[in-house]
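Asker: Structure supplied as model34.csv; contents: CSV, C-alpha atoms and all ligand atoms.
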chain,number,residue,atom,x,y,z
A,1,MET,CA,0.0,0.0,0.0
A,2,LYS,CA,1.2,3.5,-0.8
A,3,LEU,CA,-0.1,6.5,1.0
A,4,ILE,CA,-1.1,9.4,-1.1
A,5,ASP,CA,0.3,12.2,1.0
A,6,GLY,CA,-1.9,15.2,0.3
A,7,LYS,CA,-0.2,17.3,2.8
A,8,ALA,CA,3.3,16.8,1.3
A,9,LEU,CA,2.0,17.2,-2.2
A,10,SER,CA,0.1,20.4,-1.3
A,11,GLU,CA,3.4,21.8,0.2
A,12,THR,CA,5.2,21.0,-3.1
A,13,ILE,CA,2.5,22.7,-5.2
A,14,LYS,CA,2.5,25.7,-2.8
A,15,SER,CA,6.2,26.2,-3.2
A,16,GLU,CA,5.8,26.1,-7.0
A,17,ILE,CA,3.1,28.8,-6.7
A,18,ALA,CA,5.3,30.8,-4.3
A,19,GLU,CA,8.1,30.6,-6.9
A,20,GLU,CA,5.7,32.0,-9.5
A,21,VAL,CA,4.5,34.8,-7.2
A,22,LYS,CA,8.1,35.7,-6.5
A,23,LYS,CA,8.8,36.1,-10.2
A,24,LEU,CA,5.7,38.3,-10.6
A,25,LYS,CA,6.9,40.5,-7.7
A,26,ASP,CA,10.4,40.7,-9.3
A,27,ARG,CA,8.8,41.9,-12.6
A,28,ASP,CA,6.5,44.4,-10.7
A,29,LYS,CA,3.5,42.5,-11.9
A,30,LYS,CA,0.2,42.3,-10.0
A,31,ILE,CA,0.2,39.9,-7.0
A,32,PRO,CA,-2.7,37.4,-7.0
A,33,HIS,CA,-5.4,38.5,-4.5
A,34,LEU,CA,-8.0,36.1,-3.0
A,35,ALA,CA,-10.9,37.3,-0.8
A,36,ALA,CA,-13.0,35.1,1.5
A,37,VAL,CA,-16.4,35.9,2.9
A,38,LEU,CA,-17.2,34.2,6.2
A,39,VAL,CA,-20.7,34.6,7.7
A,40,GLY,CA,-21.3,33.6,11.3
A,41,ASN,CA,-19.2,31.8,13.9
A,42,ASP,CA,-19.3,28.1,12.9
A,43,PRO,CA,-16.0,26.7,14.2
A,44,ALA,CA,-15.4,24.4,11.2
A,45,SER,CA,-16.0,27.2,8.7
A,46,GLN,CA,-13.7,29.5,10.7
A,47,SER,CA,-11.0,27.0,10.7
A,48,TYR,CA,-11.3,26.3,6.9
A,49,VAL,CA,-11.2,30.0,6.1
A,50,ARG,CA,-8.3,30.6,8.5
A,51,SER,CA,-6.3,27.9,6.7
A,52,LYS,CA,-7.2,29.4,3.3
A,53,VAL,CA,-6.0,32.9,4.4
A,54,LYS,CA,-2.8,31.4,6.0
A,55,SER,CA,-2.1,29.5,2.7
A,56,CYS,CA,-2.4,32.8,0.8
A,57,GLU,CA,0.2,34.3,3.1
A,58,MET,CA,2.5,31.3,2.7
A,59,VAL,CA,2.6,31.7,-1.1
A,60,GLY,CA,2.8,35.5,-1.1
A,61,PHE,CA,-0.7,36.2,-2.3
A,62,GLU,CA,-2.7,39.1,-1.0
A,63,SER,CA,-5.8,38.1,0.9
A,64,THR,CA,-8.8,39.8,2.3
A,65,LEU,CA,-11.1,38.3,4.9
A,66,ILE,CA,-14.6,39.7,5.2
A,67,ASN,CA,-16.2,38.4,8.4
A,68,LYS,CA,-19.9,39.1,8.9
A,69,ASP,CA,-22.3,38.4,11.7
A,70,ASP,CA,-24.9,35.7,10.9
A,71,SER,CA,-27.6,38.4,11.3
A,72,ILE,CA,-26.5,39.7,7.8
A,73,THR,CA,-29.4,40.0,5.4
A,74,GLN,CA,-29.5,38.5,1.9
A,75,GLU,CA,-29.4,42.1,0.4
A,76,GLU,CA,-26.3,43.0,2.4
A,77,LEU,CA,-24.5,39.8,1.4
A,78,MET,CA,-25.4,40.4,-2.2
A,79,GLU,CA,-24.0,43.9,-2.0
A,80,ILE,CA,-20.7,42.5,-0.7
A,81,ILE,CA,-20.6,40.0,-3.6
A,82,SER,CA,-21.3,42.8,-6.1
A,83,ASP,CA,-18.5,44.9,-4.7
A,84,LEU,CA,-16.1,42.0,-4.9
A,85,ASN,CA,-17.2,41.2,-8.5
A,86,ASN,CA,-16.4,44.9,-9.4
A,87,ASP,CA,-13.2,45.2,-7.4
A,88,GLU,CA,-10.4,45.0,-10.0
A,89,ASP,CA,-7.8,44.2,-7.5
A,90,ILE,CA,-9.6,41.0,-6.4
A,91,ASP,CA,-8.7,38.1,-8.7
A,92,GLY,CA,-11.1,35.6,-7.1
A,93,PHE,CA,-13.2,35.1,-4.0
A,94,ILE,CA,-15.1,32.5,-2.1
A,95,VAL,CA,-18.1,32.6,0.1
A,96,GLN,CA,-17.6,29.9,2.8
A,97,LEU,CA,-20.4,27.4,3.0
A,98,PRO,CA,-22.7,26.6,4.8
A,99,LEU,CA,-24.5,29.9,5.0
A,100,PRO,CA,-27.2,30.6,7.7
A,101,LYS,CA,-30.6,29.2,6.9
A,102,HIS,CA,-32.2,32.6,6.1
A,103,ILE,CA,-29.7,33.1,3.3
A,104,ASP,CA,-30.4,31.6,-0.2
A,105,ALA,CA,-27.1,29.9,-0.9
A,106,THR,CA,-28.0,29.2,-4.5
A,107,ALA,CA,-28.7,32.9,-5.2
A,108,VAL,CA,-25.3,33.7,-3.6
A,109,THR,CA,-23.5,31.2,-5.8
A,110,LEU,CA,-25.3,32.5,-8.9
A,111,ALA,CA,-24.3,36.1,-8.0
A,112,ILE,CA,-20.6,35.4,-8.1
A,113,ASP,CA,-19.0,36.5,-11.4
A,114,PRO,CA,-17.9,33.2,-13.0
A,115,LYS,CA,-14.6,34.9,-13.8
A,116,LYS,CA,-13.9,35.2,-10.1
A,117,ASP,CA,-15.5,32.0,-9.0
A,118,VAL,CA,-12.2,30.3,-7.9
A,119,ASP,CA,-14.2,27.7,-5.9
A,120,GLY,CA,-15.6,26.5,-9.2
A,121,PHE,CA,-19.2,26.3,-7.9
A,122,HIS,CA,-21.0,28.5,-10.5
A,123,PRO,CA,-23.0,26.6,-13.1
A,124,VAL,CA,-21.1,28.4,-15.9
A,125,ASN,CA,-17.8,26.9,-14.6
A,126,PHE,CA,-19.6,23.6,-14.1
A,127,GLY,CA,-20.9,23.6,-17.6
A,128,ARG,CA,-17.5,24.6,-19.1
A,129,MET,CA,-15.9,21.8,-17.1
A,130,ALA,CA,-18.4,19.2,-18.5
A,131,GLN,CA,-17.6,20.4,-22.0
A,132,GLY,CA,-13.9,20.4,-21.5
A,133,LEU,CA,-13.6,24.2,-21.9
A,134,PRO,CA,-11.2,26.4,-19.9
A,135,CYS,CA,-12.8,26.9,-16.5
A,136,TYR,CA,-12.1,26.9,-12.7
A,137,LEU,CA,-12.5,23.3,-11.6
A,138,PRO,CA,-14.2,22.9,-8.3
A,139,ALA,CA,-11.5,22.9,-5.7
A,140,THR,CA,-11.9,19.4,-4.2
A,141,PRO,CA,-12.1,17.6,-7.5
A,142,PHE,CA,-9.2,19.7,-8.9
A,143,GLY,CA,-7.1,18.6,-5.9
A,144,ILE,CA,-8.0,14.9,-6.5
A,145,VAL,CA,-7.1,15.2,-10.2
A,146,GLN,CA,-3.7,16.7,-9.1
A,147,MET,CA,-3.1,13.8,-6.7
A,148,LEU,CA,-3.9,11.1,-9.3
A,149,ASP,CA,-1.7,12.9,-11.9
A,150,ARG,CA,1.3,13.6,-9.7
A,151,TYR,CA,1.3,10.1,-8.2
A,152,ASN,CA,1.0,8.7,-11.8
A,153,ILE,CA,-2.0,6.6,-10.9
A,154,PRO,CA,-3.4,5.2,-14.2
A,155,THR,CA,-7.1,5.9,-14.7
A,156,GLU,CA,-7.5,5.1,-18.4
A,157,GLY,CA,-9.7,2.0,-18.9
A,158,LYS,CA,-10.2,1.7,-15.2
A,159,HIS,CA,-13.5,1.4,-13.5
A,160,THR,CA,-14.1,4.3,-11.1
A,161,VAL,CA,-16.9,4.3,-8.6
A,162,VAL,CA,-17.7,7.7,-7.1
A,163,VAL,CA,-19.9,7.4,-4.0
A,164,GLY,CA,-21.9,10.6,-3.3
A,165,ARG,CA,-23.4,13.0,-5.9
A,166,SER,CA,-23.0,16.5,-4.4
A,167,ASN,CA,-22.6,19.4,-6.8
A,168,ILE,CA,-19.2,20.3,-5.3
A,169,VAL,CA,-17.6,16.9,-5.1
A,170,GLY,CA,-19.3,13.7,-6.3
A,171,LYS,CA,-21.0,14.9,-9.4
A,172,PRO,CA,-18.1,16.9,-10.9
A,173,MET,CA,-15.7,14.1,-10.0
A,174,SER,CA,-17.7,11.6,-11.9
A,175,ILE,CA,-17.6,13.9,-15.0
A,176,LEU,CA,-13.9,14.5,-14.7
A,177,MET,CA,-13.0,10.8,-14.4
A,178,GLY,CA,-14.8,10.1,-17.6
A,179,MET,CA,-13.2,13.0,-19.6
A,180,LYS,CA,-11.0,12.3,-22.6
A,181,SER,CA,-7.9,13.4,-20.7
A,182,LYS,CA,-4.8,12.1,-19.0
A,183,VAL,CA,-6.6,11.8,-15.6
A,184,GLY,CA,-9.9,10.5,-17.0
A,185,ASN,CA,-10.8,8.0,-19.7
A,186,SER,CA,-12.2,5.9,-16.9
A,187,THR,CA,-15.5,4.1,-17.0
A,188,VAL,CA,-17.5,5.7,-14.2
A,189,THR,CA,-20.3,4.6,-11.9
A,190,LEU,CA,-21.9,7.3,-9.8
A,191,ALA,CA,-23.4,5.8,-6.6
A,192,HIS,CA,-25.6,7.5,-4.0
A,193,SER,CA,-28.1,6.7,-1.2
A,194,ARG,CA,-30.6,5.1,-3.7
A,195,THR,CA,-28.0,2.7,-5.2
A,196,LYS,CA,-29.4,-0.8,-4.7
A,197,ASP,CA,-26.3,-2.9,-3.9
A,198,LEU,CA,-23.5,-0.5,-3.2
A,199,ALA,CA,-21.0,-3.2,-2.2
A,200,ALA,CA,-21.5,-5.0,-5.6
A,201,GLU,CA,-20.5,-1.7,-7.3
A,202,THR,CA,-17.5,-0.9,-5.1
A,203,LEU,CA,-16.2,-4.5,-5.3
A,204,ARG,CA,-15.9,-4.0,-9.1
A,205,ALA,CA,-14.1,-0.7,-8.7
A,206,ASP,CA,-10.4,-0.1,-9.6
A,207,ILE,CA,-10.7,3.4,-8.1
A,208,ILE,CA,-13.2,4.4,-5.4
A,209,ILE,CA,-13.8,8.1,-4.6
A,210,ALA,CA,-15.8,8.4,-1.4
A,211,ALA,CA,-17.7,11.7,-0.7
A,212,ILE,CA,-20.5,10.6,1.5
A,213,GLY,CA,-20.1,12.2,5.0
A,214,ILE,CA,-20.5,9.0,7.1
A,215,PRO,CA,-17.6,7.9,9.2
A,216,ASN,CA,-15.8,4.7,8.1
A,217,PHE,CA,-18.7,3.8,5.8
A,218,ILE,CA,-16.6,2.0,3.1
A,219,THR,CA,-15.4,-1.2,4.8
A,220,ALA,CA,-12.7,-3.8,3.8
A,221,ASP,CA,-15.4,-6.3,2.6
A,222,MET,CA,-16.6,-3.7,0.1
A,223,VAL,CA,-13.3,-3.3,-1.8
A,224,LYS,CA,-11.1,-5.5,-4.0
A,225,GLU,CA,-7.4,-6.1,-3.7
A,226,GLY,CA,-5.3,-3.4,-5.3
A,227,VAL,CA,-8.0,-0.7,-5.3
A,228,VAL,CA,-7.1,3.0,-5.3
A,229,ILE,CA,-9.0,4.8,-2.5
A,230,ILE,CA,-9.6,8.6,-2.5
A,231,ASP,CA,-11.4,9.5,0.7
A,232,VAL,CA,-13.0,12.9,0.6
A,233,GLY,CA,-15.0,12.6,3.9
A,234,ILE,CA,-14.2,14.7,6.9
A,235,ASN,CA,-16.2,13.5,9.9
A,236,ARG,CA,-15.9,14.3,13.5
A,237,VAL,CA,-16.1,11.4,15.9
A,238,ASP,CA,-16.1,11.6,19.7
A,239,ASP,CA,-12.7,10.8,21.2
A,240,GLU,CA,-12.3,11.5,24.9
A,241,SER,CA,-8.5,10.8,24.6
A,242,ARG,CA,-8.1,14.0,22.5
A,243,LYS,CA,-8.0,17.4,24.1
A,244,ARG,CA,-10.7,18.8,21.9
A,245,GLY,CA,-12.9,15.8,22.5
A,246,TYR,CA,-13.1,14.5,18.9
A,247,ARG,CA,-10.9,13.3,16.1
A,248,LEU,CA,-11.4,13.5,12.3
A,249,VAL,CA,-12.0,10.3,10.2
A,250,GLY,CA,-12.9,9.8,6.6
A,251,ASP,CA,-15.7,7.9,4.9
A,252,VAL,CA,-13.4,4.9,4.5
A,253,ASP,CA,-12.5,2.5,7.3
A,254,PHE,CA,-8.8,3.3,6.9
A,255,GLU,CA,-6.8,0.6,8.7
A,256,PRO,CA,-8.5,-2.6,7.2
A,257,VAL,CA,-9.1,-1.0,3.8
A,258,SER,CA,-5.5,0.2,3.5
A,259,LYS,CA,-4.3,-3.5,3.8
A,260,LYS,CA,-6.1,-4.2,0.5
A,261,ALA,CA,-5.5,-0.9,-1.3
A,262,SER,CA,-2.6,-0.1,-3.7
A,263,PHE,CA,-3.0,3.6,-3.0
A,264,ILE,CA,-5.0,5.4,-0.3
A,265,THR,CA,-5.5,9.0,1.0
A,266,PRO,CA,-5.4,9.5,4.8
A,267,VAL,CA,-7.9,11.7,6.7
A,268,PRO,CA,-6.7,14.1,7.8
A,269,GLY,CA,-3.7,14.9,5.5
A,270,GLY,CA,-5.2,13.7,2.2
A,271,VAL,CA,-7.8,15.4,0.1
A,272,GLY,CA,-8.3,18.3,2.6
A,273,PRO,CA,-5.0,20.1,2.1
A,274,MET,CA,-5.2,19.7,-1.7
A,275,THR,CA,-8.6,21.5,-1.7
A,276,VAL,CA,-7.0,24.6,-0.3
A,277,THR,CA,-4.1,24.4,-2.7
A,278,SER,CA,-6.5,24.1,-5.7
A,279,LEU,CA,-8.1,27.3,-4.6
A,280,LEU,CA,-4.7,29.0,-4.8
A,281,MET,CA,-4.1,27.4,-8.2
A,282,ASN,CA,-7.4,28.8,-9.5
A,283,THR,CA,-6.6,32.2,-8.1
A,284,LEU,CA,-3.2,32.2,-9.8
A,285,MET,CA,-4.8,31.2,-13.1
A,286,SER,CA,-7.3,34.1,-12.6
A,287,SER,CA,-4.7,36.7,-11.9
A,288,LYS,CA,-2.8,35.5,-15.0
A,289,LYS,CA,-6.1,35.7,-17.0
A,290,GLU,CA,-5.6,32.1,-18.2
A,291,VAL,CA,-9.2,31.0,-18.1
A,292,TYR,CA,-11.4,33.8,-19.3
A,293,GLY,CA,-8.7,36.0,-21.0
B,1,LIG,P1,-23.2,15.8,0.7
B,1,LIG,O1,-23.4,15.8,2.1
B,1,LIG,O2,-23.8,17.0,-0.1
B,1,LIG,O3,-23.8,14.5,0.0
B,1,LIG,C1,-23.5,13.3,0.5
B,1,LIG,C2,-23.7,12.3,-0.7
B,1,LIG,O4,-23.6,10.9,-0.1
B,1,LIG,C3,-25.1,12.3,-1.3
B,1,LIG,O5,-25.0,12.3,-2.7
B,1,LIG,C4,-25.8,11.1,-0.7
B,1,LIG,O6,-26.8,10.5,-1.6
B,1,LIG,C5,-24.6,10.1,-0.5
B,1,LIG,N1,-25.0,9.1,0.5
B,1,LIG,C6,-25.5,9.4,1.7
B,1,LIG,N2,-25.7,8.2,2.4
B,1,LIG,C7,-25.3,7.2,1.5
B,1,LIG,C8,-25.4,5.8,1.6
B,1,LIG,N3,-25.8,5.2,2.6
B,1,LIG,N4,-24.9,5.1,0.5
B,1,LIG,C9,-24.5,5.8,-0.6
B,1,LIG,N5,-24.4,7.1,-0.7
B,1,LIG,C10,-24.9,7.8,0.3
B,1,LIG,O7,-21.7,15.6,0.3
B,1,LIG,P2,-20.4,16.5,0.2
B,1,LIG,O8,-19.8,16.1,-1.1
B,1,LIG,O9,-20.7,17.9,0.4
B,1,LIG,O10,-19.5,16.0,1.4
B,1,LIG,C11,-19.2,14.6,1.6
B,1,LIG,C12,-18.1,14.5,2.6
B,1,LIG,O11,-16.9,15.1,2.1
B,1,LIG,C13,-18.4,15.2,3.9
B,1,LIG,O12,-17.8,14.4,5.0
B,1,LIG,C14,-17.7,16.5,3.8
B,1,LIG,O13,-17.3,17.1,5.1
B,1,LIG,C15,-16.5,16.1,3.0
B,1,LIG,N6,-15.9,17.2,2.2
B,1,LIG,C16,-14.5,17.3,2.2
B,1,LIG,C17,-13.9,18.2,1.5
B,1,LIG,C18,-12.4,18.2,1.5
B,1,LIG,O14,-11.8,19.2,1.2
B,1,LIG,N7,-11.7,17.1,1.9
B,1,LIG,C19,-14.6,19.2,0.7
B,1,LIG,C20,-16.0,19.0,0.6
B,1,LIG,C21,-16.6,18.0,1.4
B,1,LIG,P3,-28.1,11.3,-2.0
B,1,LIG,O15,-27.7,12.3,-3.1
B,1,LIG,O16,-29.0,10.2,-2.6
B,1,LIG,O17,-28.7,11.9,-0.8
When written as structure tokens, how does the structure in this file appear?
Answerer:
Amino acid sequence: MKLIDGKALSETIKSEIAEEVKKLKDRDKKIPHLAAVLVGNDPASQSYVRSKVKSCEMVGFESTLINKDDSITQEELMEIISDLNNDEDIDGFIVQLPLPKHIDATAVTLAIDPKKDVDGFHPVNFGRMAQGLPCYLPATPFGIVQMLDRYNIPTEGKHTVVVGRSNIVGKPMSILMGMKSKVGNSTVTLAHSRTKDLAAETLRADIIIAAIGIPNFITADMVKEGVVIIDVGINRVDDESRKRGYRLVGDVDFEPVSKKASFITPVPGGVGPMTVTSLLMNTLMSSKKEVYG
């Protein structure tokens, strides 16, 4: 079994980005600038946004954090988005999800200018992705593509089973794995809660991408020898032995499954750090006007 070390790979990619930023600085070019909008006090969201801002600093980007109380109205949030859309210095921005219940999250996603949608959530970017046109790939799938690519894991002709069909992970991942491209050319099954016999599907899989949100859901009896496992899940389980009272686990029962797998991502330290790095890659692409010109 080989561990796919998302933390180490994300550090490598970040130093490549930092190198590019240094060259831009040396040539007096514009420095990439990412903004993040955070609404409310959800500890997980705060921690995600903090790590995004910290990563910006690490690679030399400029960053702006807009932190708003969860009493913000839809109109006020829309105004912030409109300002960010029109701010020429901002290359890309994200609105951290989830948003409070009184906010229409779909309307927020649709209000973001696709040219600045570095999370890749806007339907324009999704549609361009599906047609193989230049776009911002959604950050988590982009990170997974990078991992498969840089670890030279063959995907062509393989059978990939994606479990979970969210708009931000499972669905785009299923499209990307079937694209006519180096990471792609896979035969894809997209499984979800209505799939009749999930184990029958996963047992046929050469590659399993699990994005479900249920701790240790994929067990060793559900996978074949030599399978490649990409575990997207980030789940908190109670753990009294930890100071904070919980630990993070994936959707895959790591220890037993890793004994059968050829490659596997750990949680934490797998897909998570790559997601943040993808955001930086999209922001760099935006600042260089590589996607929309
Ligand atoms: P969602 O919560 O939006 O969707 C979960 C999916 O899992 C749904 O499609 C659902 O099916 C499916 N599902 C639920 N139960 C079953 C079951 N018993 N059998 C088969 N499929 C099932 O997923 P997200 O993609 O937003 O998140 C998934 C996980 O990934 C979470 O743990 C999340 O925290 C994590 N995550 C991690 C990221 C990272 O950077 N590492 C980024 C984003 C998410 P149905 O559609 O039928 O309801």
Asker: Identify the residues within 8 Å of coordinate (-4.9, 5.5, -12.2) (same frame as the file), considering all atoms listed in the file, and give the answer as a list of chain:residue names.
Answerer: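 So the residues meeting the distance criterion are A:Leu148, A:Asn152, A:Ile153, A:Pro154, A:Thr155, A:Glu156, A:Lys158, A:Val183, A:Ile207, A:Val228.
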Asker: Counting all atoms listed in the file, name the residues that have an atom within 6 Å of an atom of ligand LIG 1 (chain B); the answer should be given as a short mmCIF file (atom, residue, chain, number, x, y, z; two decimals) with C-alpha atoms, in the coordinates of the input.
Answerer:
data_model
loop_
_atom_site.label_atom_id
_atom_site.label_comp_id
_atom_site.auth_asym_id
_atom_site.auth_seq_id
_atom_site.Cartn_x
_atom_site.Cartn_y
_atom_site.Cartn_z
CA THR A 140 -11.90 19.40 -4.20
CA VAL A 163 -19.90 7.40 -4.00
CA GLY A 164 -21.90 10.60 -3.30
CA ARG A 165 -23.40 13.00 -5.90
CA SER A 166 -23.00 16.50 -4.40
CA ILE A 168 -19.20 20.30 -5.30
CA VAL A 169 -17.60 16.90 -5.10
CA GLY A 170 -19.30 13.70 -6.30
CA HIS A 192 -25.60 7.50 -4.00
CA SER A 193 -28.10 6.70 -1.20
CA ARG A 194 -30.60 5.10 -3.70
CA ALA A 211 -17.70 11.70 -0.70
CA ILE A 212 -20.50 10.60 1.50
CA GLY A 213 -20.10 12.20 5.00
CA VAL A 232 -13.00 12.90 0.60
CA GLY A 233 -15.00 12.60 3.90
CA ILE A 234 -14.20 14.70 6.90
CA ASN A 235 -16.20 13.50 9.90
CA VAL A 271 -7.80 15.40 0.10
CA GLY A 272 -8.30 18.30 2.60
CA THR A 275 -8.60 21.50 -1.70
#
Asker: Using only C-alpha atoms, determine which residues lie at most 12 Å from Asn86 of chain A, disregarding the query and same-chain residues fewer than 5 positions distant; provide the list as an NGL selection string.
Answerer: :A and (79-81 or 91-93 or 111-113 or 115-116)
Asker: Atom CA of Gly270 of chain A to atom CA of Val95 of chain A: how many Å, to one decimal?
Answerer: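 Separation of atom CA of Gly270 of chain A and atom CA of Val95 of chain A: 23.0 Å.
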Asker: Would you write out, as a Markdown table, a table of all residues in segment 115-137 of chain A that have an atom no more than 10 Å from an atom of segment 280-290 of chain A, listing for each the closest atom pair and the distance in Å to one decimal, considering all atoms listed in the file and ordering rows by chain and rising residue number?
Answerer:
| residue | atom | partner | partner_atom | distance |
| --- | --- | --- | --- | --- |
| A:Lys115 | CA | A:Ser286 | CA | 7.4 |
| A:Lys116 | CA | A:Ser286 | CA | 7.1 |
| A:Asp117 | CA | A:Asn282 | CA | 8.7 |
| A:Val118 | CA | A:Asn282 | CA | 5.3 |
| A:Asp119 | CA | A:Asn282 | CA | 7.8 |
| A:Gly120 | CA | A:Asn282 | CA | 8.5 |
| A:Pro134 | CA | A:Glu290 | CA | 8.2 |
| A:Cys135 | CA | A:Asn282 | CA | 9.0 |
| A:Tyr136 | CA | A:Asn282 | CA | 6.0 |
| A:Leu137 | CA | A:Asn282 | CA | 7.8 |
Asker: Here is a test: counting only C-alpha atoms, which residue of A:Val257, A:Met147, A:Val49, A:Ile230 is nearest to Lys7 of chain A?
Answerer: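 Between A:Val257, A:Met147, A:Val49, A:Ile230, the residue approaching Lys7 of chain A most closely is A:Met147.
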Asker: If you count all atoms listed in the file, which residues fall within 8 Å of segment 217-227 of chain A, apart from same-chain ones fewer than 3 positions away, as number ranges by chain?
Answerer: A: 199-200, 202-208, 210, 214, 251-253, 256-257, 260-263
Asker: Using all atoms listed in the file, pick whichever of A:Tyr151, A:Phe61, A:Phe142, A:Tyr292 has the shortest atom-to-atom distance to Val124 of chain A.
Answerer: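 Among the listed residues, the smallest separation from Val124 of chain A belongs to A:Tyr292.
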Asker: In Å, rounded to a single decimal, give me how far atom CA of Gly269 of chain A is from atom CA of Met1 of chain A.
Answerer: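 For atom CA of Met1 of chain A relative to atom CA of Gly269 of chain A, the distance reads 16.3 Å.
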Asker: Would you please work out which residue, of A:Thr195, A:Thr106, A:Thr277, A:Ser63, is nearest to Pro138 of chain A when using only C-alpha atoms?
Answerer: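 Nearest candidate to Pro138 of chain A out of A:Thr195, A:Thr106, A:Thr277, A:Ser63: A:Thr277.
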Asker: When you count all atoms listed in the file, which of these residues is closest to Asp83 of chain A: A:Ala35, A:Gly40, A:Pro123, A:Leu3?
Answerer: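 Smallest distance to Asp83 of chain A is found for A:Ala35.
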Asker: Under the rule that only C-alpha atoms are counted, which of A:Ile13, A:Pro32, A:Ala44, A:Leu110 is the nearest residue to Leu248 of chain A?
Answerer: A:Ala44
Asker: Distance atom CA of Gly184 of chain A-atom CA of Pro215 of chain A, one decimal place?
Answerer: 27.4 Å
Asker: Using all atoms listed in the file for the distances, tell me which of A:Asn67, A:Ser82, A:Gln74, A:Ser55 is nearest to Ala105 of chain A.
Answerer: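 Nearest candidate to Ala105 of chain A out of A:Asn67, A:Ser82, A:Gln74, A:Ser55: A:Gln74.
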Asker: Would you please take segment 153-166 of chain A of the structure in the block above and write N, CA, C and O atoms to a file as a CSV table (one decimal), in the first residue's frame?
Answerer:
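Output file result_25.csv follows:
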chain,number,residue,atom,x,y,z
A,153,ILE,N,-1.0,7.7,-11.1
A,153,ILE,CA,-2.0,6.6,-10.9
A,153,ILE,C,-2.8,6.4,-12.2
A,153,ILE,O,-3.5,7.4,-12.6
A,154,PRO,N,-2.7,5.3,-12.9
A,154,PRO,CA,-3.4,5.2,-14.2
A,154,PRO,C,-4.9,5.2,-14.0
A,154,PRO,O,-5.4,4.5,-13.0
A,155,THR,N,-5.6,5.9,-14.8
A,155,THR,CA,-7.1,5.9,-14.7
A,155,THR,C,-7.7,5.4,-16.0
A,155,THR,O,-8.9,5.0,-16.0
A,156,GLU,N,-6.9,5.4,-17.1
A,156,GLU,CA,-7.5,5.1,-18.4
A,156,GLU,C,-8.0,3.6,-18.4
A,156,GLU,O,-7.2,2.7,-18.0
A,157,GLY,N,-9.2,3.4,-18.8
A,157,GLY,CA,-9.7,2.0,-18.9
A,157,GLY,C,-10.1,1.4,-17.6
A,157,GLY,O,-10.6,0.3,-17.5
A,158,LYS,N,-9.9,2.2,-16.5
A,158,LYS,CA,-10.2,1.7,-15.2
A,158,LYS,C,-11.7,1.9,-14.9
A,158,LYS,O,-12.3,2.8,-15.5
A,159,HIS,N,-12.2,1.2,-13.9
A,159,HIS,CA,-13.5,1.4,-13.5
A,159,HIS,C,-13.5,2.2,-12.2
A,159,HIS,O,-13.0,1.8,-11.2
A,160,THR,N,-14.0,3.4,-12.3
A,160,THR,CA,-14.1,4.3,-11.1
A,160,THR,C,-15.5,4.3,-10.5
A,160,THR,O,-16.5,4.5,-11.3
A,161,VAL,N,-15.6,4.1,-9.3
A,161,VAL,CA,-16.9,4.3,-8.6
A,161,VAL,C,-16.8,5.5,-7.7
A,161,VAL,O,-16.0,5.5,-6.8
A,162,VAL,N,-17.6,6.5,-8.0
A,162,VAL,CA,-17.7,7.7,-7.1
A,162,VAL,C,-18.9,7.5,-6.2
A,162,VAL,O,-20.0,7.2,-6.7
A,163,VAL,N,-18.8,7.6,-4.9
A,163,VAL,CA,-19.9,7.4,-4.0
A,163,VAL,C,-20.2,8.8,-3.4
A,163,VAL,O,-19.4,9.4,-2.8
A,164,GLY,N,-21.4,9.3,-3.7
A,164,GLY,CA,-21.9,10.6,-3.3
A,164,GLY,C,-22.0,11.5,-4.6
A,164,GLY,O,-21.2,11.4,-5.5
A,165,ARG,N,-23.1,12.3,-4.7
A,165,ARG,CA,-23.4,13.0,-5.9
A,165,ARG,C,-23.6,14.5,-5.6
A,165,ARG,O,-24.5,15.2,-6.2
A,166,SER,N,-22.8,15.1,-4.6
A,166,SER,CA,-23.0,16.5,-4.4
A,166,SER,C,-22.5,17.3,-5.6
A,166,SER,O,-21.7,16.8,-6.4
